file work.txt (compact mmCIF, N, CA and C atoms)
# COMPACT_ATOMS: atom_id res chain seq x y z
N MET D 24 36.69 66.54 21.90
CA MET D 24 36.07 65.51 21.12
C MET D 24 34.55 65.73 21.20
N THR D 25 33.91 65.58 20.08
CA THR D 25 32.47 65.82 20.03
C THR D 25 31.72 64.56 20.46
N ARG D 26 30.44 64.74 20.68
CA ARG D 26 29.61 63.63 21.10
C ARG D 26 29.54 62.58 19.99
N ARG D 27 29.49 62.98 18.77
CA ARG D 27 29.43 62.07 17.62
C ARG D 27 30.69 61.23 17.53
N GLN D 28 31.84 61.85 17.73
CA GLN D 28 33.10 61.11 17.69
C GLN D 28 33.18 60.11 18.85
N ALA D 29 32.71 60.50 20.01
CA ALA D 29 32.73 59.61 21.17
C ALA D 29 31.84 58.39 20.92
N CYS D 30 30.68 58.59 20.33
CA CYS D 30 29.79 57.46 20.02
C CYS D 30 30.43 56.54 18.99
N GLY D 31 31.13 57.10 18.01
CA GLY D 31 31.82 56.31 16.99
C GLY D 31 32.91 55.47 17.60
N MET D 32 33.70 56.07 18.53
CA MET D 32 34.79 55.34 19.19
C MET D 32 34.20 54.20 20.06
N LEU D 33 33.10 54.47 20.76
CA LEU D 33 32.46 53.46 21.60
C LEU D 33 31.92 52.32 20.75
N LEU D 34 31.33 52.65 19.63
CA LEU D 34 30.81 51.63 18.72
C LEU D 34 31.94 50.76 18.18
N MET D 35 33.07 51.38 17.81
CA MET D 35 34.21 50.62 17.29
C MET D 35 34.77 49.70 18.38
N ALA D 36 34.82 50.16 19.62
CA ALA D 36 35.32 49.32 20.71
C ALA D 36 34.38 48.14 20.96
N LEU D 37 33.08 48.38 20.88
CA LEU D 37 32.11 47.28 21.05
C LEU D 37 32.22 46.25 19.93
N LEU D 38 32.43 46.71 18.71
CA LEU D 38 32.59 45.80 17.59
C LEU D 38 33.85 44.96 17.75
N LEU D 39 34.93 45.56 18.16
CA LEU D 39 36.16 44.81 18.37
C LEU D 39 36.00 43.78 19.50
N ALA D 40 35.38 44.20 20.59
CA ALA D 40 35.17 43.27 21.70
C ALA D 40 34.23 42.14 21.28
N GLY D 41 33.21 42.48 20.52
CA GLY D 41 32.29 41.45 20.05
C GLY D 41 32.97 40.47 19.10
N GLY D 42 33.84 40.99 18.23
CA GLY D 42 34.59 40.13 17.32
C GLY D 42 35.50 39.18 18.07
N ARG D 43 36.18 39.68 19.10
CA ARG D 43 37.04 38.83 19.92
C ARG D 43 36.22 37.76 20.64
N LEU D 44 35.06 38.16 21.15
CA LEU D 44 34.19 37.22 21.84
C LEU D 44 33.75 36.10 20.90
N VAL D 45 33.35 36.48 19.71
CA VAL D 45 32.93 35.47 18.72
C VAL D 45 34.10 34.57 18.37
N ARG D 46 35.26 35.16 18.13
CA ARG D 46 36.42 34.36 17.75
C ARG D 46 36.82 33.40 18.85
N HIS D 47 36.90 33.88 20.09
CA HIS D 47 37.40 33.05 21.17
C HIS D 47 36.39 32.00 21.64
N HIS D 48 35.13 32.33 21.65
CA HIS D 48 34.14 31.40 22.19
C HIS D 48 33.42 30.56 21.15
N LEU D 49 33.36 31.03 19.93
CA LEU D 49 32.61 30.29 18.91
C LEU D 49 33.49 29.68 17.84
N LEU D 50 34.54 30.39 17.42
CA LEU D 50 35.32 29.92 16.28
C LEU D 50 36.58 29.15 16.67
N GLN D 51 37.04 29.31 17.90
CA GLN D 51 38.23 28.60 18.33
C GLN D 51 37.87 27.57 19.40
N THR D 52 38.63 26.47 19.40
CA THR D 52 38.43 25.46 20.43
C THR D 52 39.14 25.91 21.71
N GLY D 53 39.05 25.12 22.75
CA GLY D 53 39.65 25.47 24.02
C GLY D 53 41.16 25.58 23.97
N ASP D 54 41.83 24.83 23.07
CA ASP D 54 43.29 24.90 22.99
C ASP D 54 43.77 25.98 22.03
N GLY D 55 42.88 26.77 21.47
CA GLY D 55 43.27 27.89 20.61
C GLY D 55 43.28 27.57 19.13
N SER D 56 43.04 26.30 18.72
CA SER D 56 43.01 25.98 17.30
C SER D 56 41.63 26.31 16.74
N TRP D 57 41.59 26.54 15.43
CA TRP D 57 40.33 26.90 14.78
C TRP D 57 39.43 25.68 14.64
N ARG D 58 38.14 25.93 14.77
CA ARG D 58 37.16 24.86 14.61
C ARG D 58 37.01 24.51 13.14
N ASP D 59 36.43 23.34 12.90
CA ASP D 59 36.11 22.91 11.55
C ASP D 59 35.14 23.93 10.94
N PRO D 60 35.31 24.31 9.67
CA PRO D 60 34.42 25.32 9.07
C PRO D 60 32.95 24.92 9.08
N LEU D 61 32.66 23.64 9.16
CA LEU D 61 31.27 23.19 9.11
C LEU D 61 30.74 22.80 10.49
N TRP D 62 31.30 23.36 11.54
CA TRP D 62 30.92 22.97 12.89
C TRP D 62 29.49 23.34 13.24
N LEU D 63 28.91 24.30 12.52
CA LEU D 63 27.53 24.70 12.80
C LEU D 63 26.50 23.77 12.18
N ASP D 64 26.92 22.88 11.27
CA ASP D 64 25.96 22.02 10.58
C ASP D 64 25.17 21.15 11.54
N HIS D 65 25.80 20.68 12.59
CA HIS D 65 25.07 19.82 13.53
C HIS D 65 24.02 20.62 14.31
N MET D 66 24.17 21.93 14.36
CA MET D 66 23.16 22.76 15.02
C MET D 66 22.01 23.09 14.08
N LEU D 67 22.30 23.18 12.79
CA LEU D 67 21.28 23.58 11.83
C LEU D 67 20.41 22.42 11.37
N VAL D 68 21.00 21.26 11.17
CA VAL D 68 20.26 20.10 10.69
C VAL D 68 20.18 19.12 11.84
N SER D 69 18.96 18.77 12.21
CA SER D 69 18.81 17.85 13.34
C SER D 69 19.17 16.44 12.89
N PRO D 70 19.88 15.71 13.72
CA PRO D 70 20.24 14.34 13.35
C PRO D 70 19.00 13.46 13.36
N PRO D 71 19.00 12.40 12.58
CA PRO D 71 17.83 11.52 12.56
C PRO D 71 17.63 10.88 13.92
N GLN D 72 16.38 10.83 14.32
CA GLN D 72 16.05 10.28 15.62
C GLN D 72 16.00 8.75 15.52
N GLU D 73 16.73 8.09 16.38
CA GLU D 73 16.67 6.64 16.42
C GLU D 73 15.57 6.25 17.40
N THR D 74 14.70 5.40 16.94
CA THR D 74 13.61 4.97 17.80
C THR D 74 13.72 3.48 18.04
N SER D 75 13.24 3.07 19.16
CA SER D 75 13.23 1.64 19.47
C SER D 75 12.01 0.96 18.86
N ASP D 76 11.10 1.74 18.27
CA ASP D 76 9.89 1.19 17.68
C ASP D 76 10.09 0.81 16.23
N TYR D 77 11.33 0.58 15.82
CA TYR D 77 11.62 0.27 14.42
C TYR D 77 10.98 -1.05 14.03
N GLU D 78 10.19 -0.99 12.98
CA GLU D 78 9.58 -2.19 12.45
C GLU D 78 10.10 -2.40 11.03
N PRO D 79 10.63 -3.56 10.75
CA PRO D 79 11.12 -3.80 9.39
C PRO D 79 9.96 -3.80 8.41
N THR D 80 10.23 -3.32 7.21
CA THR D 80 9.18 -3.28 6.20
C THR D 80 8.93 -4.69 5.68
N LEU D 81 7.69 -4.98 5.42
CA LEU D 81 7.32 -6.29 4.91
C LEU D 81 7.56 -6.35 3.42
N VAL D 82 8.03 -7.49 2.96
CA VAL D 82 8.29 -7.69 1.54
C VAL D 82 7.49 -8.91 1.10
N LEU D 83 6.79 -8.76 0.00
CA LEU D 83 6.00 -9.88 -0.53
C LEU D 83 6.90 -10.83 -1.30
N ASP D 84 6.72 -12.12 -1.06
CA ASP D 84 7.45 -13.10 -1.88
C ASP D 84 6.50 -13.84 -2.82
N SER D 85 5.21 -13.67 -2.61
CA SER D 85 4.22 -14.24 -3.51
C SER D 85 2.97 -13.37 -3.45
N PRO D 86 2.13 -13.43 -4.47
CA PRO D 86 0.91 -12.61 -4.47
C PRO D 86 -0.04 -13.01 -3.34
N LEU D 87 -0.82 -12.04 -2.89
CA LEU D 87 -1.76 -12.25 -1.79
C LEU D 87 -3.17 -12.51 -2.30
N ASN D 88 -3.90 -13.33 -1.58
CA ASN D 88 -5.33 -13.50 -1.85
C ASN D 88 -6.03 -12.36 -1.11
N ILE D 89 -6.52 -11.40 -1.84
CA ILE D 89 -7.07 -10.17 -1.24
C ILE D 89 -8.29 -10.45 -0.37
N ASN D 90 -8.99 -11.57 -0.60
CA ASN D 90 -10.19 -11.89 0.17
C ASN D 90 -9.91 -12.64 1.46
N GLN D 91 -8.67 -13.06 1.68
CA GLN D 91 -8.37 -13.86 2.86
C GLN D 91 -7.16 -13.37 3.65
N CYS D 92 -6.39 -12.43 3.15
CA CYS D 92 -5.16 -12.03 3.84
C CYS D 92 -5.46 -11.15 5.06
N SER D 93 -4.49 -11.09 5.95
CA SER D 93 -4.64 -10.32 7.19
C SER D 93 -4.29 -8.85 6.96
N ALA D 94 -4.53 -8.04 7.99
CA ALA D 94 -4.21 -6.62 7.89
C ALA D 94 -2.72 -6.40 7.75
N GLU D 95 -1.90 -7.22 8.44
CA GLU D 95 -0.45 -7.07 8.36
C GLU D 95 0.06 -7.38 6.95
N SER D 96 -0.52 -8.38 6.32
CA SER D 96 -0.08 -8.71 4.97
C SER D 96 -0.58 -7.68 3.96
N LEU D 97 -1.71 -7.04 4.23
CA LEU D 97 -2.17 -5.96 3.34
C LEU D 97 -1.20 -4.79 3.36
N LEU D 98 -0.55 -4.56 4.50
CA LEU D 98 0.42 -3.46 4.60
C LEU D 98 1.64 -3.69 3.73
N ALA D 99 1.89 -4.92 3.33
CA ALA D 99 3.04 -5.21 2.47
C ALA D 99 2.77 -4.84 1.02
N LEU D 100 1.52 -4.60 0.68
CA LEU D 100 1.20 -4.22 -0.70
C LEU D 100 1.66 -2.78 -0.96
N PRO D 101 2.18 -2.49 -2.14
CA PRO D 101 2.65 -1.13 -2.42
C PRO D 101 1.49 -0.14 -2.47
N GLY D 102 1.63 0.93 -1.71
CA GLY D 102 0.62 1.98 -1.70
C GLY D 102 -0.50 1.76 -0.69
N ILE D 103 -0.46 0.66 0.03
CA ILE D 103 -1.49 0.37 1.03
C ILE D 103 -0.91 0.64 2.41
N GLY D 104 -1.52 1.58 3.11
CA GLY D 104 -1.11 1.91 4.46
C GLY D 104 -2.13 1.39 5.45
N PRO D 105 -1.98 1.77 6.71
CA PRO D 105 -2.90 1.28 7.73
C PRO D 105 -4.36 1.66 7.48
N VAL D 106 -4.58 2.85 6.96
CA VAL D 106 -5.96 3.32 6.75
C VAL D 106 -6.63 2.52 5.64
N LEU D 107 -5.93 2.35 4.50
CA LEU D 107 -6.52 1.59 3.40
C LEU D 107 -6.69 0.12 3.77
N ALA D 108 -5.75 -0.41 4.55
CA ALA D 108 -5.87 -1.80 4.98
C ALA D 108 -7.13 -1.98 5.83
N GLU D 109 -7.38 -1.06 6.73
CA GLU D 109 -8.59 -1.13 7.56
C GLU D 109 -9.85 -0.99 6.71
N ARG D 110 -9.81 -0.14 5.69
CA ARG D 110 -10.97 0.01 4.82
C ARG D 110 -11.25 -1.26 4.03
N ILE D 111 -10.17 -1.93 3.58
CA ILE D 111 -10.35 -3.18 2.84
C ILE D 111 -10.94 -4.24 3.76
N LEU D 112 -10.42 -4.33 4.99
CA LEU D 112 -10.96 -5.31 5.94
C LEU D 112 -12.42 -5.02 6.28
N ALA D 113 -12.74 -3.74 6.45
CA ALA D 113 -14.13 -3.37 6.76
C ALA D 113 -15.05 -3.73 5.59
N ALA D 114 -14.57 -3.53 4.37
CA ALA D 114 -15.37 -3.88 3.20
C ALA D 114 -15.58 -5.39 3.13
N ARG D 115 -14.53 -6.15 3.43
CA ARG D 115 -14.67 -7.61 3.42
C ARG D 115 -15.65 -8.07 4.48
N GLU D 116 -15.61 -7.45 5.66
CA GLU D 116 -16.54 -7.82 6.73
C GLU D 116 -17.98 -7.48 6.38
N SER D 117 -18.15 -6.44 5.56
CA SER D 117 -19.51 -6.08 5.16
C SER D 117 -20.01 -6.90 3.98
N GLY D 118 -19.17 -7.82 3.47
CA GLY D 118 -19.63 -8.72 2.43
C GLY D 118 -19.09 -8.46 1.04
N VAL D 119 -18.21 -7.50 0.88
CA VAL D 119 -17.64 -7.22 -0.44
C VAL D 119 -16.63 -8.30 -0.78
N GLN D 120 -16.73 -8.88 -1.97
CA GLN D 120 -15.77 -9.85 -2.46
C GLN D 120 -15.03 -9.23 -3.64
N PHE D 121 -13.72 -9.35 -3.63
CA PHE D 121 -12.89 -8.77 -4.68
C PHE D 121 -12.58 -9.86 -5.69
N ALA D 122 -13.30 -9.86 -6.82
CA ALA D 122 -13.12 -10.88 -7.84
C ALA D 122 -12.29 -10.39 -9.00
N LYS D 123 -12.19 -9.10 -9.17
CA LYS D 123 -11.41 -8.53 -10.27
C LYS D 123 -10.81 -7.21 -9.79
N PRO D 124 -9.79 -6.71 -10.48
CA PRO D 124 -9.12 -5.49 -10.02
C PRO D 124 -10.04 -4.29 -9.86
N GLU D 125 -11.05 -4.18 -10.67
CA GLU D 125 -11.95 -3.03 -10.59
C GLU D 125 -12.74 -3.00 -9.29
N ASP D 126 -12.88 -4.16 -8.65
CA ASP D 126 -13.61 -4.22 -7.38
C ASP D 126 -12.89 -3.44 -6.28
N LEU D 127 -11.57 -3.33 -6.38
CA LEU D 127 -10.82 -2.56 -5.38
C LEU D 127 -11.18 -1.09 -5.41
N GLN D 128 -11.66 -0.61 -6.53
CA GLN D 128 -11.99 0.81 -6.64
C GLN D 128 -13.27 1.16 -5.88
N LYS D 129 -13.91 0.18 -5.30
CA LYS D 129 -15.06 0.45 -4.44
C LYS D 129 -14.60 1.03 -3.10
N ILE D 130 -13.32 0.84 -2.78
CA ILE D 130 -12.76 1.32 -1.53
C ILE D 130 -12.34 2.78 -1.70
N LYS D 131 -12.77 3.62 -0.77
CA LYS D 131 -12.41 5.04 -0.83
C LYS D 131 -10.89 5.16 -0.68
N GLY D 132 -10.27 5.87 -1.62
CA GLY D 132 -8.83 6.08 -1.58
C GLY D 132 -8.07 5.21 -2.57
N ILE D 133 -8.75 4.26 -3.19
CA ILE D 133 -8.11 3.40 -4.18
C ILE D 133 -8.69 3.76 -5.54
N GLY D 134 -7.83 4.26 -6.41
CA GLY D 134 -8.26 4.66 -7.74
C GLY D 134 -7.62 3.78 -8.80
N PRO D 135 -7.73 4.19 -10.06
CA PRO D 135 -7.19 3.38 -11.16
C PRO D 135 -5.66 3.21 -11.09
N LYS D 136 -4.95 4.25 -10.67
CA LYS D 136 -3.48 4.14 -10.63
C LYS D 136 -3.03 3.12 -9.59
N LEU D 137 -3.59 3.20 -8.40
CA LEU D 137 -3.21 2.26 -7.35
C LEU D 137 -3.67 0.85 -7.71
N THR D 138 -4.81 0.73 -8.32
CA THR D 138 -5.30 -0.58 -8.75
C THR D 138 -4.34 -1.20 -9.76
N LYS D 139 -3.83 -0.39 -10.67
CA LYS D 139 -2.88 -0.88 -11.67
C LYS D 139 -1.59 -1.37 -11.00
N ARG D 140 -1.15 -0.68 -9.93
CA ARG D 140 0.06 -1.11 -9.22
C ARG D 140 -0.17 -2.40 -8.45
N LEU D 141 -1.39 -2.63 -8.00
CA LEU D 141 -1.68 -3.79 -7.16
C LEU D 141 -1.98 -5.06 -7.95
N VAL D 142 -2.27 -4.94 -9.24
CA VAL D 142 -2.72 -6.09 -10.03
C VAL D 142 -1.73 -7.25 -9.95
N SER D 143 -0.44 -6.98 -10.05
CA SER D 143 0.54 -8.08 -10.05
C SER D 143 0.83 -8.62 -8.65
N HIS D 144 0.37 -7.95 -7.61
CA HIS D 144 0.66 -8.37 -6.24
C HIS D 144 -0.52 -9.08 -5.57
N VAL D 145 -1.64 -9.16 -6.28
CA VAL D 145 -2.86 -9.70 -5.69
C VAL D 145 -3.38 -10.86 -6.53
N ILE D 146 -3.84 -11.91 -5.84
CA ILE D 146 -4.51 -13.03 -6.52
C ILE D 146 -5.99 -12.69 -6.57
N TRP D 147 -6.55 -12.74 -7.75
CA TRP D 147 -7.98 -12.45 -7.92
C TRP D 147 -8.69 -13.78 -7.99
N PRO D 148 -9.23 -14.25 -6.89
CA PRO D 148 -9.77 -15.61 -6.82
C PRO D 148 -11.17 -15.73 -7.41
N ALA D 149 -11.34 -15.39 -8.65
CA ALA D 149 -12.67 -15.47 -9.27
C ALA D 149 -13.13 -16.92 -9.34
N ASP D 150 -12.21 -17.86 -9.56
CA ASP D 150 -12.59 -19.27 -9.64
C ASP D 150 -13.10 -19.78 -8.31
N THR D 151 -12.44 -19.41 -7.21
CA THR D 151 -12.88 -19.90 -5.91
C THR D 151 -14.19 -19.24 -5.51
N LEU D 152 -14.40 -17.98 -5.92
CA LEU D 152 -15.66 -17.32 -5.60
C LEU D 152 -16.82 -17.99 -6.32
N LEU D 153 -16.61 -18.36 -7.58
CA LEU D 153 -17.69 -18.99 -8.33
C LEU D 153 -18.00 -20.38 -7.79
N SER D 154 -16.98 -21.09 -7.34
CA SER D 154 -17.23 -22.44 -6.85
C SER D 154 -17.89 -22.44 -5.47
N THR D 155 -17.68 -21.38 -4.66
CA THR D 155 -18.30 -21.34 -3.34
C THR D 155 -19.66 -20.69 -3.37
N SER D 156 -19.98 -19.94 -4.42
CA SER D 156 -21.29 -19.30 -4.46
C SER D 156 -22.33 -20.29 -4.96
N PRO D 157 -23.54 -20.19 -4.46
CA PRO D 157 -24.58 -21.11 -4.93
C PRO D 157 -24.94 -20.81 -6.38
N THR D 158 -25.11 -21.84 -7.14
CA THR D 158 -25.42 -21.66 -8.56
C THR D 158 -26.86 -22.05 -8.81
N THR D 159 -27.44 -21.39 -9.77
CA THR D 159 -28.79 -21.74 -10.20
C THR D 159 -28.69 -22.49 -11.51
N SER D 160 -29.78 -23.04 -11.94
CA SER D 160 -29.75 -23.83 -13.16
C SER D 160 -29.46 -22.98 -14.38
N SER D 161 -29.79 -21.69 -14.34
CA SER D 161 -29.52 -20.84 -15.50
C SER D 161 -28.04 -20.50 -15.61
N GLU D 162 -27.28 -20.61 -14.48
CA GLU D 162 -25.87 -20.27 -14.52
C GLU D 162 -25.02 -21.45 -14.97
N THR D 163 -25.52 -22.65 -14.84
CA THR D 163 -24.72 -23.82 -15.22
C THR D 163 -24.82 -24.04 -16.71
N GLN D 164 -23.72 -24.50 -17.25
CA GLN D 164 -23.70 -24.79 -18.69
C GLN D 164 -23.25 -26.23 -18.88
N ALA D 165 -23.83 -26.87 -19.84
CA ALA D 165 -23.44 -28.24 -20.13
C ALA D 165 -22.16 -28.24 -20.94
N ILE D 166 -21.27 -29.17 -20.61
CA ILE D 166 -20.02 -29.30 -21.34
C ILE D 166 -20.24 -30.34 -22.44
N PRO D 167 -20.00 -29.95 -23.69
CA PRO D 167 -20.24 -30.91 -24.77
C PRO D 167 -19.23 -32.07 -24.69
N PRO D 168 -19.69 -33.29 -24.98
CA PRO D 168 -18.79 -34.43 -24.95
C PRO D 168 -17.79 -34.36 -26.10
N GLU D 169 -16.63 -34.91 -25.84
CA GLU D 169 -15.60 -34.88 -26.89
C GLU D 169 -15.65 -36.08 -27.75
call {"tool": "encode", "arguments": {"input": "work.txt", "output": "structure tokens"}}
result
Amino acid sequence: MTRRQACGMLLMALLLAGGRLVRHHLLQTGDGSWRDPLWLDHMLVSPPQETSDYEPTLVLDSPLNINQCSAESLLALPGIGPVLAERILAARESGVQFAKPEDLQKIKGIGPKLTKRLVSHVIWPADTLLSTSPTTSSETQAIPPE
């Protein structure tokens, strides 16, 4: 027998032994029955991690007053996360008053699309802002008698 034939026979024996090893240890259960064809799926796709830090999502049942709501209630608005909520609070603390939807676009990260989504979820208290702001004589108008 030549060296080439001996290597071929050795290779064939290794393949057979490897096939038996795979069949007995990976494809068959301990009692000799075949495993489920999809038994590798649990190894390939990680199961979702359950955390004890689960926080239920907030749902709005009425529109929010953007000038008075808390950070937690801002998180209930669609498209507003913790970063944007902090930016809105910081803007309010610096004196920004939101009287109309366009005022929200002063906040970095809030553009026309997000403003359009927020319009129905936010109360724009323009009336309360005007009544609390000091008025001058040029701003007041006389109401004609009926």
call {"tool": "closest_residue", "arguments": {"input": "work.txt", "among": "D:Ala36, D:Ile89, D:Gln28, D:Ser96", "to": "Leu127 (chain D)", "atoms": "only C-alpha atoms"}}
result
D:Ile89
call {"tool": "atom_distance", "arguments": {"input": "work.txt", "atom1": "CA of Ala94 (chain D)", "atom2": "CA of Arg115 (chain D)"}}
result
11.4 Å
call {"tool": "closest_residue", "arguments": {"input": "work.txt", "among": "D:Leu37, D:Val106, D:Met32, D:Leu100", "to": "His144 (chain D)", "atoms": "all atoms listed in the file"}}
result
D:Leu100
call {"tool": "atom_distance", "arguments": {"input": "work.txt", "atom1": "CA of Gly53 (chain D)", "atom2": "atom C of Gly41 (chain D)"}}
result
17.1 Å
call {"tool": "atom_distance", "arguments": {"input": "work.txt", "atom1": "CA of Gly118 (chain D)", "atom2": "CA of Leu87 (chain D)"}}
result
18.7 Å
call {"tool": "closest_residue", "arguments": {"input": "work.txt", "among": "D:Ser85, D:Gln91, D:Arg27, D:Arg46", "to": "Ser143 (chain D)", "atoms": "only N, CA and C atoms"}}
result
D:Ser85
call {"tool": "closest_residue", "arguments": {"input": "work.txt", "among": "D:Lys131, D:Arg26, D:Lys123, D:Arg43", "to": "Ile146 (chain D)", "atoms": "only C-alpha atoms"}}
result
D:Lys123
call {"tool": "residues_around", "arguments": {"input": "work.txt", "residues": "Asn88 (chain D)", "least_positions_apart": "4", "cutoff": "8 Å", "atoms": "all atoms listed in the file", "output": "list in words"}}
result
Cys92, Ser93, His144, Val145, Ile146, Trp147 and Pro148 of chain D
call {"tool": "closest_residue", "arguments": {"input": "work.txt", "among": "D:Glu95, D:Thr138, D:Ala113, D:Met24", "to": "Glu125 (chain D)", "atoms": "all atoms listed in the file"}}
result
D:Thr138
